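> Sending over a structure as structure tokens; questions will come in a sec.
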Amino acid sequence: MVNINRILKGSNGNAWVDGDLLASLKSIEAKIKGEFSDHNFCGDSATYSSFDGWSGEGSITMSKIDSVLWKKVAEAYSSGVMPDIKIITCLTDKATGKSERVALTGIVFTEFTLVGFKAKEAIEEEFPFKFNGYEILDAIA
């Protein structure tokens, strides 16, 4: 039977960019997409796939309370030199105290909004990114 108290909630998660906590984080997602080649053979109607590699992409959404990440990305685009960025995420099971932690490396932010605001609306910033490395630091068993 499922222990309803063990269902993980995003409110129990945190993320750090280069060691700095993203205190206004609303959501983060990182996905890996496999790259495959298809192979077909005479006399066999099945299509076989072989693994060629993978690509990683994701997005960070934050309430805007400061310019720390925005400035880092803006300076990288202005200078043409992308810094070596690392993101660490942690999602904790409050019932057991155990956490699922992942490190993402080779982060490149692929776009950012230089200016964007509307009257009487809270400002959110979205930072789409690509990554080329990951490590599972902890898993919840």
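Just so we're on the same page: first chain in the structure tokens is A, next is B, and so on; residues restart at 1 for each chain, and ligands are numbered from 1 in the order they show up.
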What are the DSSP strand (DSSP E or B) residues of chain A, as an MDAnalysis selection string?

chainID A and resid 13:17 20:21 25:41 44:63 85:92 99:109 124:131 133:138

> Which residues are near Ala141 of chain A? Cut-off 12 Å, only C-alpha atoms, ignore same chain within fewer than 3 positions. Put them as a count of residues only.

8

> Hey, what's within 8 Å of segment 46-52 of chain A if we count only C-alpha atoms and toss same-chain stuff fewer than 3 positions away? As JSON, numbers by chain, please?

{"A": [34, 35, 36, 37, 38, 39, 40, 41]}

> Can you list, as a PyMOL selection string, every protein, DNA or RNA residue that comes within 10 Å of segment 64-81 of chain A when you count only C-alpha atoms, leaving out same-chain residues fewer than 2 positions away?

chain A and resi 17+20+22-25+61-62+83-85+108-114+122-127

> Would you mind telling me which residue in A:Asn132, A:Lys26, A:Ala15, A:Asn5 lies nearest to Ser63 of chain A when using only C-alpha atoms?

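Checking each of A:Asn132, A:Lys26, A:Ala15, A:Asn5 against Ser63 of chain A, counting only C-alpha atoms, the winner is A:Lys26.
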
> Would you give me, as a PyMOL selection string, the residues in segment 12-135 of chain A that DSSP reads as alpha helix (DSSP H)?

chain A and resi 68-79
